[in-house]
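Q: Please read through the structure below; I'll follow up with questions.
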There are 2 protein chains.
Amino acid sequence: MALPGFRDFYPDDCAFRNAIFAKWRDVAHRYGFVEYDGPPLEPLDLFTKKSGQEIVGQLYNFKDKGDREIALRPEMTPTLARLVTARHKDFKKPLKWFAIPQVFRYERQQKGRLREHYQFNCDIIGEASLEADVELIALLIDTLRAFGLTEKDFVVRLSDRIFWSDFMDAHAIPEDQRYAFIQAIDKSEREPKEVTAQKLGPAAEEVFAVLADPTVRKSERLDTVEAGLRARGLGDYVKRDYTVVRGLAYYTGVVFEAFDRSGEFRAIAGGGRYDTLLKNLGNVDLPALGFGMGDVVLGELLKVKQAGFSEILTLDFYVAIADEQFRPQAGALVQKLRDHGDWADYPLKPMKLGKQLEAATERHATYICIVGEEILQGNVQLKKSDTRQSKLVPVDQIFNHLAPETWPAAENQR
Amino acid sequence: MALPGFRDFYPDDCAFRNAIFAKWRDVAHRYGFVEYDGPPLEPLDLFTKKSGQEIVGQLYNFKDKGDREIALRPEMTPTLARLVTARHKDFKKPLKWFAIPQVFRYERQQKGRLREHYQFNCDIIGEASLEADVELIALLIDTLRAFGLTEKDFVVRLSDRIFWSDFMDAHAIPEDQRYAFIQAIDKSEREPKEVTAQKLGPAAEEVFAVLADPTVRKSERLDTVEAGLRARGLGDYVKRDYTVVRGLAYYTGVVFEAFDRSGEFRAIAGGGRYDTLLKNLGNVDLPALGFGMGDVVLGELLKVKQAGFSEILTLDFYVAIADEQFRPQAGALVQKLRDHGDWADYPLKPMKLGKQLEAATERHATYICIVGEEILQGNVQLKKSDTRQSKLVPVDQIFNHLAPETWPAAENQR
């Protein structure tokens with residue numbers, strides 16, 4: 001048994017996971033992002049410096065044999081901050097960096113909940129303009145579109161922490177009550193209105209008005225972001241929604257969360273601008289923004305939508321051995337196919353030909369080569385699985401005999 | 001700072017690492033192997049059951065908050081054994097499975113030595129015939145060939161634990177001395193001959209004769225393996241060498257290690273048959289064999305040989321903005337290119353055109369699109385970086401204007 005909260009990836013699961021990773025990488029590359037990674041273990045204080053001592057209760061942390069306090073990473077941003085602040089002068093700004101770390105949380109209370117997931121992290125560092133926010137949100141949208149999801153399936157809710165800072169300034173909310181004020185807004189969708197109203201105090205009615213209709217207040221910043229997305233044809237994927245404030249204290253500007261339209265799932269992704277973090281953690285003053293998207297919620301959504309991709313494990317060729325005396329020639333043929341870059345397999349032990357053909361079918365082999373006595377003249381039987389056509393071809397010209405036009409018309413073969 | 005012994009992967013390092021992973025996956029797929037994975041954390045006893053309590057001294061192990069004894073995996077085989085024995089009835093034999101886990105060892109004494117690496121693990125489970133040994137060793141050879149390494153660069157040393165079992169039987173070496181006997185052979189290349197001779201006792205001269213010339217003794221088993229590899233044209237990549245015994249106690253048949261021919265590096269890979277392990281660990285009687293190949297020694301070798309691959313991070317398109325008023329149109333063009341699957345980037349803030357063209361060059365962009373006032377007629381300047389040719393093309397037909405034959409002759413352009 002694996003530890004509670006940890007997943008095993010049997011081949012089908014692993015193919016599904018890897019297909020998600022491949023899409024993530026593909027879209028990030030299209031956006032000019034480059035991949036980085038760091039260790040899954042870091043010094044404990046890297047995480048407490050960002051999130052406070054409270055985080056320790058949720059970590060896999062321990063002392064190593066060198067008496068160091070260490071932890072499995074619960075998130076990637078502190079590692080990113082460490083890497084960037086250490087060598088920021090070596091890189092042209094803006095940095096557009098992504099990573100796909102496995103991250104870990106020990107949450108004692110939530111039984112059945114996973115304690116690890118993989119998280120696609122995309123960050124832009126060193127650019128203060130709102131165009132960077134547009135670019136990052138477009139990347140988030142296109143990542144989900146790459147899985148076949150459309151504006152009918154998901155929406156990115158846009159908000160702005162500065163909007164709320166300004167609001168709290170205007171209503172003279174004292175510094176020491178602001179965290180609670182923001183938390184009350186964050187929870188407003190999940191709590192009775194009276195509870196939220198009490199937490200918000202005199203400003204409550206005005207808050208409710210903004211939440212009900214975000215357009216009652218002007219926001220040039222969100223206007224700019226939305227216009228940038230509309231210019232790219234992505235306007236229908238976003239919706240202004242000031243309930244989104246993001247739990248973490250460090251956000252400083254536009255924030256956003258992606259949700260499925262049906263409302264069945266937790267957030268698919270979330271992020272925003274955190275212009276002061278690199279200064280606070282590493283004393284390097286660089287604006288930054290980023291998002292994280294986990295593989296678990298996304299995977300559940302894709303399974304429901306049956307969107308995305310097939311994860312069938314296939315072969316190009318199955319090489320069947322009609323007579324064991326020709327095993328060496330079969331080995332040479334398998335080698336030739338693999339050297340050509342094809343995915344090829346064959347029986348490791350003597351098997352009846354019928355069983356071999358069954359194995360070829362189970363493995364979804366596109367072609368089957370049967371090595372029999374024709375090999376003495378340098379030939380093999382080549383069968384095409386979809387049409388069940390068959391022909392004798394010289395081994396040394398096998399790749400010339402694959403193209404559709406080299407096969408006779410197939411009408412009568414099925 | 002990362003923890004001692006842990007690597008950060010800045011983008012260049014990450015690209016190099018990922019290129020290694022991509023080759024590993026590609027070759028494994030060609031051989032019909034499918035990928036699996038497991039958790040990096042496992043119950044401690046999964047590892048002590050296989051390797052004994054001694055291993056604890058080399059592990060990252062700790063108690064989690066649920067009071068479980070757990071450890072970061074030092075190797076993948078116990079996890080593989082756990083997965084296979086739990087569900088072996090769900091899969092047709094033989095299984096051909098691979099994984100690319102990061103594995104961890106806490107070795108206190110060796111300063112400067114890494115405490116983690118990635119390890120390409122390939123295993124065949126459920127097939128006792130020597131053809132499986134041939135297949136696995138061929139995979140190892142082709143993995144290294146895929147990086148451009150040849151028989152001049154590396155050799156796979158072949159040996160057989162059964163040969164030594166039989167030898168010890170013939171010389172009546174008592175059970176309790178056999179481990180030390182095998183260890184003495186393992187160390188014979190690195191110790192003075194007298195020391196080895198003393199450890200081996202009366203059989204020493206005969207052992208030395210076999211080590212000096214493995215052909216003095218017949219071995220049908222190695223003959224079969226070598227013949228299978230020769231049939232595939234891979235005979236020059238292997239050499240019989242009975243000094244290879246593999247440290248681990250659990251091997252039961254053919255064993256092998258890959259080394260660079262120059263002898264500069266530690267073993268690149270090693271493995272062999274372990275037919276009794278699944279029975280011992282999970283009470284499922286399935287023969288098995290496998291190898292592991294780390295990314296560190298391989299990476300050092302590839303850097304010396306300059307073999308393998310370029311890890312330059314490139315772009316297909318850089319979209320330059322000649323006049324800020326056309327930023328929305330530039331955004332739409334960037335979106336179009338990315339939707340097409342191309343890797344495209346552009347400036348996030350206003351920059352002089354000259355600076356933008358420099359950025360395009362630094363990013364190795366194949367094409368540059370300049371969005372200026374021609375966009376009002378639906379056109380952009382398209383520049384080809386290698387020939388420095390340039391032409392005005394309609395945005396909605398841009399992909400038709402990339403082919404070489406659509407450009408004027410380039411002789412006078414450089």
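Here's how to read the names in the structure tokens: chain A, B, ... by the order shown, residue numbers from 1 in each chain, ligand numbers from 1 in the order shown.
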Give me the residues near segment 331-333 of chain B as an MDAnalysis selection string, where near means some atom within 8 Å (using only C-alpha atoms) and where sequence neighbours in that chain fewer than 3 positions away do not count.
A: (chainID A and resid 228 231:233) or (chainID B and resid 319 327:328 336:337 395)
Q: Please tabulate, as a Markdown table, the residues of chain A that come within 7 Å of chain B, each with its closest pair of atoms and the distance in Å to one decimal, counting only C-alpha atoms and ordering rows by chain, then residue number upward.
A:
| residue | atom | partner | partner_atom | distance |
| --- | --- | --- | --- | --- |
| A:Ala2 | CA | B:Glu42 | CA | 6.5 |
| A:Leu3 | CA | B:Glu42 | CA | 6.2 |
| A:Phe6 | CA | B:Pro39 | CA | 6.1 |
| A:Arg7 | CA | B:Pro39 | CA | 6.3 |
| A:Asp8 | CA | B:Gly38 | CA | 4.5 |
| A:Phe9 | CA | B:Asp37 | CA | 4.8 |
| A:Tyr10 | CA | B:Tyr36 | CA | 5.1 |
| A:Pro11 | CA | B:Tyr36 | CA | 4.8 |
| A:Cys14 | CA | B:Tyr36 | CA | 5.4 |
| A:His29 | CA | B:Trp343 | CA | 5.7 |
| A:Arg30 | CA | B:Trp343 | CA | 3.6 |
| A:Tyr31 | CA | B:Ala344 | CA | 5.7 |
| A:Gly32 | CA | B:Asp345 | CA | 5.3 |
| A:Val34 | CA | B:Pro11 | CA | 6.1 |
| A:Glu35 | CA | B:Pro11 | CA | 5.5 |
| A:Tyr36 | CA | B:Pro11 | CA | 4.8 |
| A:Asp37 | CA | B:Phe9 | CA | 4.8 |
| A:Gly38 | CA | B:Asp8 | CA | 4.5 |
| A:Pro39 | CA | B:Phe6 | CA | 6.1 |
| A:Glu42 | CA | B:Leu3 | CA | 6.1 |
| A:Pro43 | CA | B:Leu3 | CA | 6.6 |
| A:Tyr60 | CA | B:Asp64 | CA | 6.8 |
| A:Phe62 | CA | B:Phe62 | CA | 6.6 |
| A:Asp64 | CA | B:Tyr60 | CA | 6.8 |
| A:Ser129 | CA | B:Lys349 | CA | 6.5 |
| A:Glu131 | CA | B:Leu348 | CA | 5.5 |
| A:Ala132 | CA | B:Leu348 | CA | 5.8 |
| A:Gly228 | CA | B:Pro328 | CA | 6.5 |
| A:Ala231 | CA | B:Pro328 | CA | 5.2 |
| A:Arg232 | CA | B:Ala332 | CA | 4.3 |
| A:Leu315 | CA | B:Gly32 | CA | 6.8 |
| A:Pro328 | CA | B:Ala231 | CA | 5.2 |
| A:Gln329 | CA | B:Ala231 | CA | 6.9 |
| A:Gly331 | CA | B:Arg232 | CA | 5.6 |
| A:Ala332 | CA | B:Arg232 | CA | 4.3 |
| A:Gln335 | CA | B:Arg232 | CA | 5.8 |
| A:Arg338 | CA | B:Arg30 | CA | 5.4 |
| A:Gly341 | CA | B:Arg30 | CA | 6.5 |
| A:Asp342 | CA | B:Arg30 | CA | 5.6 |
| A:Trp343 | CA | B:Arg30 | CA | 3.6 |
| A:Ala344 | CA | B:Arg30 | CA | 5.6 |
| A:Asp345 | CA | B:Gly32 | CA | 5.3 |
| A:Leu348 | CA | B:Glu131 | CA | 5.5 |
| A:Lys349 | CA | B:Ser129 | CA | 6.5 |
Q: Might you pull out every residue within 7 Å of Ile162 of chain A, with only C-alpha atoms counted and same-chain residues fewer than 4 positions away left off, and present them as a list in words?
A: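 The contact residues come out as Asp166, Thr252 and Gly253 of chain A.
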Q: Write out, as a PDB file, in the first residue's frame, the residues just selected, with N, CA and C atoms.
A:
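Once everything was written out, this is again-v1.pdb:
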ATOM      1  N   ASP A 166      -7.917  50.228  -2.226  1.00  0.00           N
ATOM      2  CA  ASP A 166      -8.480  51.575  -2.394  1.00  0.00           C
ATOM      3  C   ASP A 166      -9.812  51.703  -1.651  1.00  0.00           C
ATOM      4  N   THR A 252      -0.705  41.562  -4.753  1.00  0.00           N
ATOM      5  CA  THR A 252      -0.645  43.036  -4.751  1.00  0.00           C
ATOM      6  C   THR A 252      -1.388  43.681  -5.908  1.00  0.00           C
ATOM      7  N   GLY A 253      -1.990  42.904  -6.801  1.00  0.00           N
ATOM      8  CA  GLY A 253      -2.624  43.529  -7.966  1.00  0.00           C
ATOM      9  C   GLY A 253      -3.761  42.675  -8.480  1.00  0.00           C
TER      10      GLY A 253
END
Q: Determine, counting only C-alpha atoms, which protein, DNA and RNA residues have an atom within 10 Å of an atom of Arg246 of chain B; residues of the same chain fewer than 3 positions away are not included. Present the result as a PyMOL selection string.
A: chain B and resi 159-161+182-183+185-186+243+249-251+255-257+270-272
Q: Just how far from atom CA of Pro394 of chain A is atom CA of Gly378 of chain A, in Å to one decimal?
A: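 It comes out at 5.6 Å.
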Q: DSSP says alpha helix (DSSP H) for which residues of segment 132-345 of chain B? Put them as a PyMOL selection string?
A: chain B and resi 132-146+161-170+175-187+193-200+204-212+220-231+277-282+295-305+327-339
Q: Give me the residues within 12 Å of Arg261 of chain B as a PyMOL selection string, counting only C-alpha atoms and dropping any in the same chain fewer than 6 places off.
A: chain B and resi 149-157+237-239+267-268+301+305
Q: In Å, rounded to a single decimal, give me how far atom CA of Thr143 of chain B is from atom CA of Phe16 of chain B.
A: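 Interatomic distance, atom CA of Phe16 of chain B to atom CA of Thr143 of chain B: 16.0 Å.
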Q: Suppose you want the space between atom CA of Phe21 of chain B and atom CA of Val254 of chain B; what is it in Å?
A: 26.6 Å
Q: Would you please work out which residue, of A:Glu226, A:Asn121, A:Leu298, A:Val245, is nearest to Glu75 of chain A when using only C-alpha atoms?
A: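 Closest residue, counting only C-alpha atoms: A:Asn121.
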Q: Taking only C-alpha atoms into account, name the residue in B:Asp323, B:Gly201, B:Phe399, B:Ile137 that is nearest to Lys352 of chain B.
A: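 Closest residue, counting only C-alpha atoms: B:Asp323.
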Q: Which residues, written as an MDAnalysis selection string, have at least one atom at most 9 Å from Glu373 of chain B, with only C-alpha atoms counted and residues fewer than 4 positions away on the same chain left out?
A: chainID B and resid 322:323 326 377 379:380
Q: I need the chosen residues saved as a compact mmCIF listing (two decimals), in the first residue's frame, with all heavy atoms.
A:
# COMPACT_ATOMS: atom_id res chain seq x y z
N ALA B 322 6.05 47.95 -33.99
CA ALA B 322 6.72 49.16 -34.48
C ALA B 322 6.08 50.42 -33.88
O ALA B 322 6.73 51.45 -33.77
CB ALA B 322 6.66 49.22 -36.00
N ASP B 323 4.81 50.32 -33.51
CA ASP B 323 4.11 51.49 -32.99
C ASP B 323 3.10 50.99 -31.95
O ASP B 323 2.27 50.12 -32.24
CB ASP B 323 3.38 52.17 -34.16
CG ASP B 323 2.69 53.47 -33.73
OD1 ASP B 323 2.29 53.59 -32.54
OD2 ASP B 323 2.53 54.34 -34.59
N PHE B 326 -0.55 49.80 -32.17
CA PHE B 326 -0.96 48.53 -32.80
C PHE B 326 -0.76 47.33 -31.88
O PHE B 326 -0.80 46.18 -32.31
CB PHE B 326 -0.21 48.33 -34.12
CG PHE B 326 -0.43 49.47 -35.08
CD1 PHE B 326 0.65 50.19 -35.58
CD2 PHE B 326 -1.71 49.83 -35.46
CE1 PHE B 326 0.44 51.26 -36.45
CE2 PHE B 326 -1.92 50.91 -36.33
CZ PHE B 326 -0.85 51.62 -36.83
N GLN B 377 -3.98 47.68 -43.28
CA GLN B 377 -4.42 46.96 -44.48
C GLN B 377 -4.36 45.43 -44.28
O GLN B 377 -4.46 44.67 -45.24
CB GLN B 377 -3.56 47.34 -45.70
CG GLN B 377 -3.85 48.73 -46.26
CD GLN B 377 -3.21 49.81 -45.43
OE1 GLN B 377 -2.05 49.71 -45.05
NE2 GLN B 377 -3.98 50.86 -45.10
N ASN B 379 -1.68 43.70 -43.16
CA ASN B 379 -0.37 43.14 -43.51
C ASN B 379 0.66 43.34 -42.40
O ASN B 379 0.55 44.26 -41.59
CB ASN B 379 0.17 43.82 -44.77
CG ASN B 379 -0.73 43.59 -45.97
OD1 ASN B 379 -1.25 42.48 -46.15
ND2 ASN B 379 -0.94 44.64 -46.78
N VAL B 380 1.67 42.44 -42.38
CA VAL B 380 2.83 42.63 -41.50
C VAL B 380 4.11 42.37 -42.29
O VAL B 380 4.09 41.64 -43.28
CB VAL B 380 2.82 41.69 -40.27
CG1 VAL B 380 1.73 42.08 -39.29
CG2 VAL B 380 2.72 40.23 -40.70
